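Engineer: Supplied structure: entry_35.pdb, PDB, C-alpha atoms.
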ATOM      1  CA  MET A  23       0.000   0.000   0.000
ATOM      2  CA  TRP A  24       2.791   2.389   0.850
ATOM      3  CA  LEU A  25       4.409   1.766  -2.520
ATOM      4  CA  PHE A  26       1.139   2.672  -4.212
ATOM      5  CA  LEU A  27       1.040   5.866  -2.154
ATOM      6  CA  LEU A  28       4.574   6.685  -3.315
ATOM      7  CA  THR A  29       3.416   6.575  -6.933
ATOM      8  CA  GLU A  30       0.594   8.897  -5.859
ATOM      9  CA  VAL A  31       3.116  11.280  -4.305
ATOM     10  CA  MET A  32       4.901  11.468  -7.663
ATOM     11  CA  PHE A  33       1.585  11.914  -9.478
ATOM     12  CA  PHE A  34       0.467  14.853  -7.359
ATOM     13  CA  GLY A  35       4.093  16.001  -7.081
ATOM     14  CA  GLY A  36       4.125  16.898 -10.774
ATOM     15  CA  LEU A  37       1.048  19.081 -10.293
ATOM     16  CA  PHE A  38       2.526  20.762  -7.214
ATOM     17  CA  MET A  39       5.751  21.376  -9.145
ATOM     18  CA  SER A  40       3.841  23.035 -12.033
ATOM     19  CA  TYR A  41       1.947  25.199  -9.586
ATOM     20  CA  LEU A  42       5.142  26.302  -7.841
ATOM     21  CA  LEU A  43       6.795  27.278 -11.118
ATOM     22  CA  MET A  44       3.789  28.989 -12.698
ATOM     23  CA  ARG A  45       3.090  30.912  -9.522
ATOM     24  CA  ASN A  46       6.624  32.306  -9.602
ATOM     25  CA  TRP A  47       6.395  33.181 -13.293
ATOM     26  CA  TYR A  48       2.937  34.753 -13.298
ATOM     27  CA  TYR A  49       2.821  35.923  -9.712
ATOM     28  CA  PRO A  50       0.360  38.879 -10.088
ATOM     29  CA  ALA A  51      -2.103  36.732 -12.057
ATOM     30  CA  PHE A  52      -1.932  33.895  -9.529
ATOM     31  CA  VAL A  53      -2.462  36.250  -6.598
ATOM     32  CA  ALA A  54      -5.464  37.965  -8.210
ATOM     33  CA  ALA A  55      -6.982  34.666  -9.346
ATOM     34  CA  SER A  56      -6.586  33.013  -5.943
ATOM     35  CA  HIS A  57      -8.537  35.904  -4.412
ATOM     36  CA  GLN A  58     -11.532  34.394  -6.199
ATOM     37  CA  LEU A  59     -11.474  31.462  -3.780
ATOM     38  CA  ASP A  60     -13.488  31.808  -0.613
ATOM     39  CA  VAL A  61     -11.314  30.999   2.390
ATOM     40  CA  ARG A  62     -14.424  30.140   4.434
ATOM     41  CA  TRP A  63     -15.430  27.313   2.106
ATOM     42  CA  GLY A  64     -11.818  26.147   2.056
ATOM     43  CA  THR A  65     -11.641  26.130   5.853
ATOM     44  CA  ALA A  66     -14.968  24.283   6.118
ATOM     45  CA  ASN A  67     -13.669  21.628   3.751
ATOM     46  CA  THR A  68     -10.366  21.306   5.611
ATOM     47  CA  VAL A  69     -12.202  20.761   8.891
ATOM     48  CA  THR A  70     -14.529  18.249   7.186
ATOM     49  CA  LEU A  71     -11.634  16.219   5.818
ATOM     50  CA  ILE A  72      -9.696  16.271   9.095
ATOM     51  CA  LEU A  73     -12.799  15.032  10.916
ATOM     52  CA  SER A  74     -13.230  12.292   8.300
ATOM     53  CA  SER A  75      -9.604  11.237   8.798
ATOM     54  CA  PHE A  76     -10.300  11.003  12.513
ATOM     55  CA  THR A  77     -13.429   8.865  12.006
ATOM     56  CA  MET A  78     -11.440   6.682   9.593
ATOM     57  CA  ALA A  79      -8.677   6.206  12.180
ATOM     58  CA  MET A  80     -11.369   5.293  14.712
ATOM     59  CA  GLY A  81     -12.768   2.843  12.169
ATOM     60  CA  VAL A  82      -9.390   1.108  11.985
ATOM     61  CA  TRP A  83      -9.307   0.979  15.766
ATOM     62  CA  SER A  84     -12.826  -0.552  15.836
ATOM     63  CA  ALA A  85     -11.727  -3.246  13.394
ATOM     64  CA  GLU A  86      -8.584  -3.949  15.419
ATOM     65  CA  THR A  87     -10.566  -4.301  18.640
ATOM     66  CA  ARG A  88     -13.317  -6.271  16.820
ATOM     67  CA  ARG A  89     -16.208  -3.916  17.485
ATOM     68  CA  LYS A  90     -18.531  -4.483  14.562
ATOM     69  CA  GLY A  91     -21.172  -1.873  15.412
ATOM     70  CA  LEU A  92     -18.624   0.872  15.948
ATOM     71  CA  LEU A  93     -16.789  -0.075  12.753
ATOM     72  CA  VAL A  94     -19.964   0.324  10.688
ATOM     73  CA  LEU A  95     -20.721   3.601  12.468
ATOM     74  CA  PHE A  96     -17.281   5.119  11.879
ATOM     75  CA  LEU A  97     -17.117   3.975   8.255
ATOM     76  CA  SER A  98     -20.566   5.504   7.682
ATOM     77  CA  LEU A  99     -19.471   8.790   9.294
ATOM     78  CA  THR A 100     -16.386   8.860   7.071
ATOM     79  CA  PHE A 101     -18.629   8.177   4.078
ATOM     80  CA  ALA A 102     -20.961  11.045   5.038
ATOM     81  CA  LEU A 103     -18.133  13.525   5.683
ATOM     82  CA  GLY A 104     -16.656  12.640   2.294
ATOM     83  CA  LEU A 105     -19.993  13.523   0.688
ATOM     84  CA  VAL A 106     -20.093  16.824   2.621
ATOM     85  CA  PHE A 107     -16.651  17.656   1.247
ATOM     86  CA  LEU A 108     -17.758  16.966  -2.324
ATOM     87  CA  GLY A 109     -20.942  18.982  -1.761
ATOM     88  CA  ILE A 110     -18.982  22.059  -0.666
ATOM     89  CA  LYS A 111     -16.564  21.563  -3.549
ATOM     90  CA  SER A 112     -19.447  21.483  -6.012
ATOM     91  CA  ILE A 113     -20.806  24.774  -4.613
ATOM     92  CA  GLU A 114     -17.396  26.311  -5.257
ATOM     93  CA  TYR A 115     -17.172  24.810  -8.761
ATOM     94  CA  HIS A 116     -20.639  26.112  -9.565
ATOM     95  CA  GLU A 117     -19.582  29.645  -8.649
ATOM     96  CA  LYS A 118     -16.580  29.357 -10.980
ATOM     97  CA  TRP A 119     -18.923  28.264 -13.759
ATOM     98  CA  GLU A 120     -21.224  31.237 -13.200
ATOM     99  CA  LYS A 121     -18.313  33.686 -13.198
ATOM    100  CA  HIS A 122     -16.800  32.200 -16.379
ATOM    101  CA  HIS A 123     -13.696  31.135 -14.487
ATOM    102  CA  ILE A 124     -13.491  27.628 -15.897
ATOM    103  CA  PRO A 125     -10.669  27.476 -18.476
ATOM    104  CA  GLY A 126     -11.897  27.049 -22.045
ATOM    105  CA  ILE A 127     -13.810  29.065 -24.593
ATOM    106  CA  ARG A 128     -16.229  30.391 -21.982
ATOM    107  CA  TYR A 129     -13.337  31.776 -19.925
ATOM    108  CA  SER A 130     -13.484  35.490 -19.179
ATOM    109  CA  THR A 131     -10.763  37.717 -17.677
ATOM    110  CA  GLU A 132     -13.350  40.391 -16.818
ATOM    111  CA  SER A 133     -12.836  39.964 -13.045
ATOM    112  CA  PHE A 134      -9.127  40.711 -13.488
ATOM    113  CA  THR A 135      -8.984  43.396 -16.198
ATOM    114  CA  ASN A 136     -11.747  45.276 -14.391
ATOM    115  CA  PRO A 137     -11.698  44.152 -10.728
ATOM    116  CA  ALA A 138     -14.518  46.543  -9.752
ATOM    117  CA  SER A 139     -16.874  44.453 -11.922
ATOM    118  CA  ASP A 140     -16.623  41.776  -9.226
ATOM    119  CA  PRO A 141     -17.704  43.814  -6.160
ATOM    120  CA  GLU A 142     -17.744  40.921  -3.677
ATOM    121  CA  VAL A 143     -14.088  40.087  -4.186
ATOM    122  CA  TYR A 144     -13.083  43.703  -4.837
ATOM    123  CA  LYS A 145     -14.292  45.035  -1.502
ATOM    124  CA  GLU A 146     -12.170  42.449   0.293
ATOM    125  CA  TYR A 147      -8.905  42.720  -1.631
ATOM    126  CA  HIS A 148      -8.935  45.953  -3.739
ATOM    127  CA  ASP A 149      -6.867  44.310  -6.473
ATOM    128  CA  GLN A 150      -5.269  46.445  -9.178
ATOM    129  CA  ALA A 151      -6.375  45.709 -12.734
ATOM    130  CA  LEU A 152      -4.189  43.275 -14.653
ATOM    131  CA  HIS A 153      -3.336  44.039 -18.262
ATOM    132  CA  GLY A 154      -3.167  41.977 -21.416
ATOM    133  CA  ASP A 155      -0.898  38.976 -21.087
ATOM    134  CA  MET A 156      -0.881  38.869 -17.290
ATOM    135  CA  ALA A 157      -4.697  38.875 -17.116
ATOM    136  CA  ASP A 158      -4.685  35.916 -19.522
ATOM    137  CA  LYS A 159      -2.440  34.005 -17.141
ATOM    138  CA  THR A 160      -5.233  33.835 -14.561
ATOM    139  CA  GLU A 161      -6.622  31.090 -16.801
ATOM    140  CA  MET A 162      -3.471  29.099 -16.033
ATOM    141  CA  TYR A 163      -4.184  29.461 -12.311
ATOM    142  CA  PHE A 164      -7.696  28.121 -12.772
ATOM    143  CA  PHE A 165      -6.428  25.349 -15.011
ATOM    144  CA  LEU A 166      -4.100  24.186 -12.233
ATOM    145  CA  TYR A 167      -6.806  24.800  -9.628
ATOM    146  CA  PHE A 168      -9.202  22.483 -11.439
ATOM    147  CA  ALA A 169      -6.520  19.950 -12.297
ATOM    148  CA  MET A 170      -5.377  19.700  -8.673
ATOM    149  CA  THR A 171      -8.697  19.920  -6.845
ATOM    150  CA  GLY A 172     -10.403  17.864  -9.563
ATOM    151  CA  MET A 173      -7.850  15.082  -9.293
ATOM    152  CA  HIS A 174      -8.202  15.273  -5.517
ATOM    153  CA  ALA A 175     -12.005  15.108  -5.808
ATOM    154  CA  LEU A 176     -11.698  12.073  -8.081
ATOM    155  CA  HIS A 177      -9.656  10.370  -5.349
ATOM    156  CA  MET A 178     -12.417  11.264  -2.902
ATOM    157  CA  ILE A 179     -15.100   9.789  -5.178
ATOM    158  CA  ILE A 180     -13.123   6.551  -5.561
ATOM    159  CA  GLY A 181     -12.593   6.490  -1.791
ATOM    160  CA  ILE A 182     -16.284   7.011  -1.082
ATOM    161  CA  ALA A 183     -17.195   4.204  -3.491
ATOM    162  CA  ILE A 184     -14.803   1.812  -1.722
ATOM    163  CA  LEU A 185     -16.194   2.979   1.632
ATOM    164  CA  GLY A 186     -19.704   2.023   0.472
ATOM    165  CA  TYR A 187     -18.434  -1.444  -0.386
ATOM    166  CA  MET A 188     -16.628  -1.708   2.963
ATOM    167  CA  ILE A 189     -19.719  -0.659   4.942
ATOM    168  CA  ALA A 190     -21.718  -3.452   3.309
ATOM    169  CA  ARG A 191     -18.944  -5.981   4.023
ATOM    170  CA  ALA A 192     -18.489  -4.724   7.597
ATOM    171  CA  ARG A 193     -22.210  -5.181   8.277
ATOM    172  CA  ALA A 194     -21.825  -8.782   7.162
ATOM    173  CA  GLY A 195     -19.117  -9.184   9.779
ATOM    174  CA  ALA A 196     -15.951  -8.906   7.714
ATOM    175  CA  TYR A 197     -12.875  -7.095   9.122
ATOM    176  CA  THR A 198     -13.845  -7.771  12.758
ATOM    177  CA  THR A 199     -12.480 -11.313  12.822
ATOM    178  CA  GLY A 200      -8.844 -10.288  13.124
ATOM    179  CA  HIS A 201      -8.209  -9.617   9.440
ATOM    180  CA  VAL A 202      -7.908  -5.850   9.450
ATOM    181  CA  THR A 203      -5.490  -5.327   6.562
ATOM    182  CA  TYR A 204      -8.154  -4.170   4.099
ATOM    183  CA  VAL A 205      -9.518  -1.509   6.466
ATOM    184  CA  GLU A 206      -6.022  -0.476   7.474
ATOM    185  CA  ASN A 207      -4.855  -0.052   3.876
ATOM    186  CA  PHE A 208      -7.946   1.887   2.934
ATOM    187  CA  GLY A 209      -7.273   4.101   5.969
ATOM    188  CA  LEU A 210      -3.805   4.852   4.610
ATOM    189  CA  TYR A 211      -5.333   5.868   1.278
ATOM    190  CA  TRP A 212      -7.918   8.093   2.955
ATOM    191  CA  HIS A 213      -5.325   9.822   5.148
ATOM    192  CA  PHE A 214      -3.121  10.357   2.113
ATOM    193  CA  VAL A 215      -5.975  12.139   0.306
ATOM    194  CA  ASP A 216      -6.421  14.253   3.448
ATOM    195  CA  ILE A 217      -2.733  15.235   3.385
ATOM    196  CA  ILE A 218      -2.975  16.294  -0.264
ATOM    197  CA  TRP A 219      -5.872  18.568   0.670
ATOM    198  CA  ILE A 220      -3.958  20.077   3.603
ATOM    199  CA  TYR A 221      -1.344  21.267   1.100
ATOM    200  CA  LEU A 222      -3.869  22.288  -1.561
ATOM    201  CA  PHE A 223      -5.672  24.411   1.030
ATOM    202  CA  ALA A 224      -2.457  26.175   2.041
ATOM    203  CA  LEU A 225      -1.225  26.710  -1.513
ATOM    204  CA  LEU A 226      -4.444  27.583  -3.331
ATOM    205  CA  TYR A 227      -6.431  29.417  -0.665
ATOM    206  CA  LEU A 228      -4.095  30.863   1.929
ATOM    207  CA  ILE A 229      -0.684  31.999   0.739
ATOM    208  CA  SER A 230      -1.787  34.737  -1.675
ATOM    209  CA  ARG A 231      -4.038  36.669   0.660
ATOM    210  CA  HIS A 232      -1.279  39.273   1.196
TER     211      HIS A 232
ATOM    212  CA  MET B  14       0.576 -22.055  15.416
ATOM    213  CA  SER B  15      -1.096 -20.275  18.290
ATOM    214  CA  GLU B  16       2.305 -19.127  19.474
ATOM    215  CA  ALA B  17       3.041 -17.619  16.071
ATOM    216  CA  ASN B  18      -0.337 -15.912  16.163
ATOM    217  CA  ALA B  19       0.331 -14.483  19.591
ATOM    218  CA  GLN B  20       3.644 -13.116  18.382
ATOM    219  CA  HIS B  21       1.950 -11.537  15.408
ATOM    220  CA  GLU B  22      -0.608  -9.945  17.689
ATOM    221  CA  GLN B  23       2.169  -8.396  19.720
ATOM    222  CA  GLU B  24       3.757  -6.856  16.647
ATOM    223  CA  HIS B  25       0.496  -5.242  15.659
ATOM    224  CA  HIS B  26       0.388  -2.112  17.799
ATOM    225  CA  ILE B  27      -3.105  -0.750  18.366
ATOM    226  CA  VAL B  28      -3.144   3.021  18.723
ATOM    227  CA  SER B  29      -5.541   4.164  21.433
ATOM    228  CA  PRO B  30      -8.558   6.388  20.677
ATOM    229  CA  MET B  31      -7.132   8.953  23.106
ATOM    230  CA  THR B  32      -4.146   9.452  20.810
ATOM    231  CA  TYR B  33      -6.500   9.945  17.856
ATOM    232  CA  VAL B  34      -8.530  12.543  19.758
ATOM    233  CA  ILE B  35      -5.379  14.477  20.688
ATOM    234  CA  ILE B  36      -4.160  14.413  17.080
ATOM    235  CA  LEU B  37      -7.593  15.549  15.898
ATOM    236  CA  LEU B  38      -7.431  18.535  18.254
ATOM    237  CA  VAL B  39      -3.883  19.365  17.133
ATOM    238  CA  LEU B  40      -4.988  19.239  13.482
ATOM    239  CA  LEU B  41      -8.003  21.477  14.130
ATOM    240  CA  ALA B  42      -5.827  23.931  16.068
ATOM    241  CA  GLY B  43      -3.320  23.951  13.197
ATOM    242  CA  THR B  44      -6.112  24.709  10.734
ATOM    243  CA  ALA B  45      -7.370  27.588  12.882
ATOM    244  CA  LEU B  46      -3.826  28.929  13.244
ATOM    245  CA  THR B  47      -3.025  28.811   9.528
ATOM    246  CA  VAL B  48      -6.311  30.521   8.586
ATOM    247  CA  LEU B  49      -5.690  33.172  11.238
ATOM    248  CA  ALA B  50      -2.137  33.750   9.956
ATOM    249  CA  SER B  51      -3.457  34.279   6.429
ATOM    250  CA  TYR B  52      -5.359  37.349   7.650
ATOM    251  CA  PHE B  53      -2.113  39.113   8.558
ATOM    252  CA  ASP B  54       0.687  40.366   6.366
ATOM    253  CA  LEU B  55       3.690  38.665   7.937
ATOM    254  CA  GLY B  56       6.184  40.735   5.937
ATOM    255  CA  GLU B  57       9.309  39.735   4.094
ATOM    256  CA  THR B  58      13.060  39.432   4.566
ATOM    257  CA  ARG B  59      15.536  40.341   1.872
ATOM    258  CA  LEU B  60      18.411  37.890   1.650
ATOM    259  CA  ALA B  61      21.401  39.326  -0.198
ATOM    260  CA  LEU B  62      23.927  36.991  -1.771
ATOM    261  CA  GLY B  63      27.460  38.315  -1.418
ATOM    262  CA  SER B  64      28.307  41.829  -2.548
ATOM    263  CA  LEU B  65      26.447  41.464  -5.849
ATOM    264  CA  ASP B  66      23.051  42.964  -6.352
ATOM    265  CA  THR B  67      21.557  39.497  -6.347
ATOM    266  CA  GLY B  68      19.646  37.564  -3.769
ATOM    267  CA  PHE B  69      16.071  36.733  -3.089
ATOM    268  CA  THR B  70      13.213  37.846  -0.943
ATOM    269  CA  LEU B  71      11.644  35.538   1.592
ATOM    270  CA  TYR B  72       7.923  36.153   2.069
ATOM    271  CA  TRP B  73       6.810  34.867   5.439
ATOM    272  CA  ASN B  74       3.134  34.151   4.705
ATOM    273  CA  PRO B  75       3.773  31.141   2.437
ATOM    274  CA  VAL B  76       6.599  29.951   4.701
ATOM    275  CA  VAL B  77       4.313  29.929   7.748
ATOM    276  CA  ALA B  78       1.417  28.314   5.828
ATOM    277  CA  LEU B  79       3.659  25.543   4.496
ATOM    278  CA  ALA B  80       5.320  24.999   7.872
ATOM    279  CA  ILE B  81       1.909  24.503   9.517
ATOM    280  CA  ALA B  82       0.758  22.249   6.649
ATOM    281  CA  THR B  83       3.910  20.144   7.049
ATOM    282  CA  THR B  84       3.363  19.864  10.810
ATOM    283  CA  LYS B  85      -0.198  18.662  10.153
ATOM    284  CA  MET B  86       1.090  16.240   7.525
ATOM    285  CA  LEU B  87       3.576  14.775  10.023
ATOM    286  CA  CYS B  88       0.822  14.335  12.636
ATOM    287  CA  VAL B  89      -1.335  12.453  10.130
ATOM    288  CA  VAL B  90       1.537  10.283   8.849
ATOM    289  CA  LEU B  91       2.990   9.431  12.258
ATOM    290  CA  PHE B  92      -0.235   8.745  14.185
ATOM    291  CA  PHE B  93      -3.269   8.320  11.902
ATOM    292  CA  MET B  94      -1.147   6.294   9.481
ATOM    293  CA  HIS B  95       0.693   4.522  12.328
ATOM    294  CA  VAL B  96       4.162   5.156  10.899
ATOM    295  CA  LYS B  97       5.498   5.933  14.368
ATOM    296  CA  TYR B  98       4.598   2.365  15.379
ATOM    297  CA  SER B  99       5.584   0.695  12.115
ATOM    298  CA  THR B 100       8.600  -1.315  11.062
ATOM    299  CA  LYS B 101      11.820   0.267   9.884
ATOM    300  CA  LEU B 102      11.016  -0.898   6.375
ATOM    301  CA  THR B 103       7.809   1.149   6.341
ATOM    302  CA  LYS B 104       9.603   4.168   7.789
ATOM    303  CA  LEU B 105      12.288   3.879   5.133
ATOM    304  CA  THR B 106       9.650   3.611   2.392
ATOM    305  CA  VAL B 107       7.873   6.751   3.594
ATOM    306  CA  LEU B 108      11.113   8.693   3.917
ATOM    307  CA  SER B 109      12.237   7.648   0.453
ATOM    308  CA  GLY B 110       8.937   8.938  -0.944
ATOM    309  CA  LEU B 111       9.436  12.280   0.751
ATOM    310  CA  PHE B 112      13.026  12.430  -0.458
ATOM    311  CA  THR B 113      12.103  11.613  -4.057
ATOM    312  CA  PHE B 114       9.448  14.313  -4.032
ATOM    313  CA  LEU B 115      11.918  16.897  -2.712
ATOM    314  CA  ALA B 116      14.471  15.789  -5.314
ATOM    315  CA  LEU B 117      11.833  16.276  -8.023
ATOM    316  CA  ILE B 118      11.194  19.841  -6.837
ATOM    317  CA  ALA B 119      14.844  20.725  -6.229
ATOM    318  CA  MET B 120      16.203  19.411  -9.516
ATOM    319  CA  THR B 121      13.430  20.919 -11.634
ATOM    320  CA  LEU B 122      13.738  24.300  -9.950
ATOM    321  CA  SER B 123      17.530  24.337 -10.143
ATOM    322  CA  ASP B 124      17.190  23.812 -13.882
ATOM    323  CA  TYR B 125      14.731  26.680 -14.330
ATOM    324  CA  VAL B 126      16.748  28.975 -12.088
ATOM    325  CA  SER B 127      20.049  28.344 -13.846
ATOM    326  CA  ARG B 128      18.901  28.248 -17.481
ATOM    327  CA  ALA B 129      19.563  31.950 -18.086
ATOM    328  CA  TRP B 130      22.273  32.315 -15.432
ATOM    329  CA  GLY B 131      24.304  35.505 -15.961
ATOM    330  CA  ARG B 132      22.324  36.594 -18.998
ATOM    331  CA  TRP B 133      20.154  39.156 -17.271
TER     332      TRP B 133
END
Represent the structure from my file as structure tokens, please.
Structural biologist:
Amino acid sequence: MWLFLLTEVMFFGGLFMSYLLMRNWYYPAFVAASHQLDVRWGTANTVTLILSSFTMAMGVWSAETRRKGLLVLFLSLTFALGLVFLGIKSIEYHEKWEKHHIPGIRYSTESFTNPASDPEVYKEYHDQALHGDMADKTEMYFFLYFAMTGMHALHMIIGIAILGYMIARARAGAYTTGHVTYVENFGLYWHFVDIIWIYLFALLYLISRH
Amino acid sequence: MSEANAQHEQEHHIVSPMTYVIILLVLLAGTALTVLASYFDLGETRLALGSLDTGFTLYWNPVVALAIATTKMLCVVLFFMHVKYSTKLTKLTVLSGLFTFLALIAMTLSDYVSRAWGRW
């Protein structure tokens, strides 16, 4: 399982590397574009994922100590918190769609060439207008934003699907007979996805607020 | 057979729920701290390199955010993922992953930084 996670580190590592480089190259565009993210939603999602990691860890403990009822409960809580995370993420994605901030032919740099046109963000940050090329580079920020959070969300969806399967198996009494490897390995995967989000939250939401 | 099983049971360390609760609280506190820090401009430090007009500027906001994120990551890896209680082989595997990731970043960046060295 750890070897699989190492390949995942390399997979996400490439995305983190691109983000690091592009942010240094197109710094003003990345700062202005990241102001479009709402730190409150980001914080809510971070708390949700940390709680789900905790319930997952408790699930592993329930399996280890052969408590079937608790195992089902904690797996179900993890399942539910995962859905809450995806729900919040979809609210954020929807806002990007409405503001034409999804890279592609519908993409618009209006919020960045004329920041006052976006009063909600403008009153919080008072960004200067970006011109020409640099305003176009905000699309690169959103491309990486969707690539990174989208890939993370896909991992969440896969995780939630496996959790559903595990809940059904746990109800039938699997995992509480001393064979905990499956639950333990899934726990590692879930915690890994949590760690990726901890870094995404810091890099995408937090570091460009000043 | 039962003896072998007993031995196996001993090797498998079960982390107590109390530890998980403490780690949960640490993680939540770290989240609160990093969000709070993002509301302040933590300033910058100019690092000069030698007598030349070169050097770089260290902005503290990203440094603090990444330091807190790394602390949280270590809490998750060591306790939620049981690495603290795992075999040396597992520890080595995790460390090698971290090292390879840092090598990826360092080597790529050193290339980009040095491409146009002296031509500005």
Engineer: Under the rule that all atoms listed in the file are counted, which of A:Ser56, A:Ser230, A:Thr171, A:Ser112 is the nearest residue to chain B?
Structural biologist: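 Between A:Ser56, A:Ser230, A:Thr171, A:Ser112, the residue approaching chain B most closely is A:Ser230.
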Engineer: For the structure shown, which residues end up in the ChimeraX specification (/A :<7) & /B? Put them as an MDAnalysis selection string, please?
Structural biologist: chainID B and resid 27 30 33 37 41 51 54 74:75 78:79 82 86 89 93:94 110 114 118
Engineer: Could you jot down the atom CA of Met162 of chain A to atom CA of Pro125 of chain A separation for me, Å, one decimal place?
Structural biologist: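 Atom CA of Pro125 of chain A lies 7.8 Å from atom CA of Met162 of chain A.
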Engineer: Kindly list the centre and edge lengths in Å, rounded to one decimal, for the axis-aligned box that covers all listed atoms of segment 50-61 of chain A plus 3 Å on each of its six sides, as lines of an AutoDock Vina configuration file.
Structural biologist:
center_x = -6.6
center_y = 34.9
center_z = -4.8
size_x = 19.8
size_y = 13.9
size_z = 20.4
Engineer: Smallest atom-to-atom distance to Val107 of chain B: which of A:Phe26, A:Leu105, A:Ala54, A:Ala157, using only C-alpha atoms?
Structural biologist: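 Closest residue, counting only C-alpha atoms: A:Phe26.
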Engineer: For this structure, which residues satisfy the selection - the PyMOL selection byres ((chain A and resi 145-147) around 12) - when it is evaluated on the file as given? I want them as number ranges by chain.
Structural biologist: A: 53-61, 137-144, 148-151, 230-232; B: 52
Engineer: Near Gly91 of chain A, counting only C-alpha atoms, which residues have an atom at most 12 Å away, once you skip same-chain residues fewer than 6 positions from it, shown as a list in words?
Structural biologist: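 Answer for this query is Gly81, Ser84, Ala85, Leu97, Ser98, Ile189, Ala192, Arg193, Ala194, Gly195, Ala196, Tyr197 and Thr198 of chain A.
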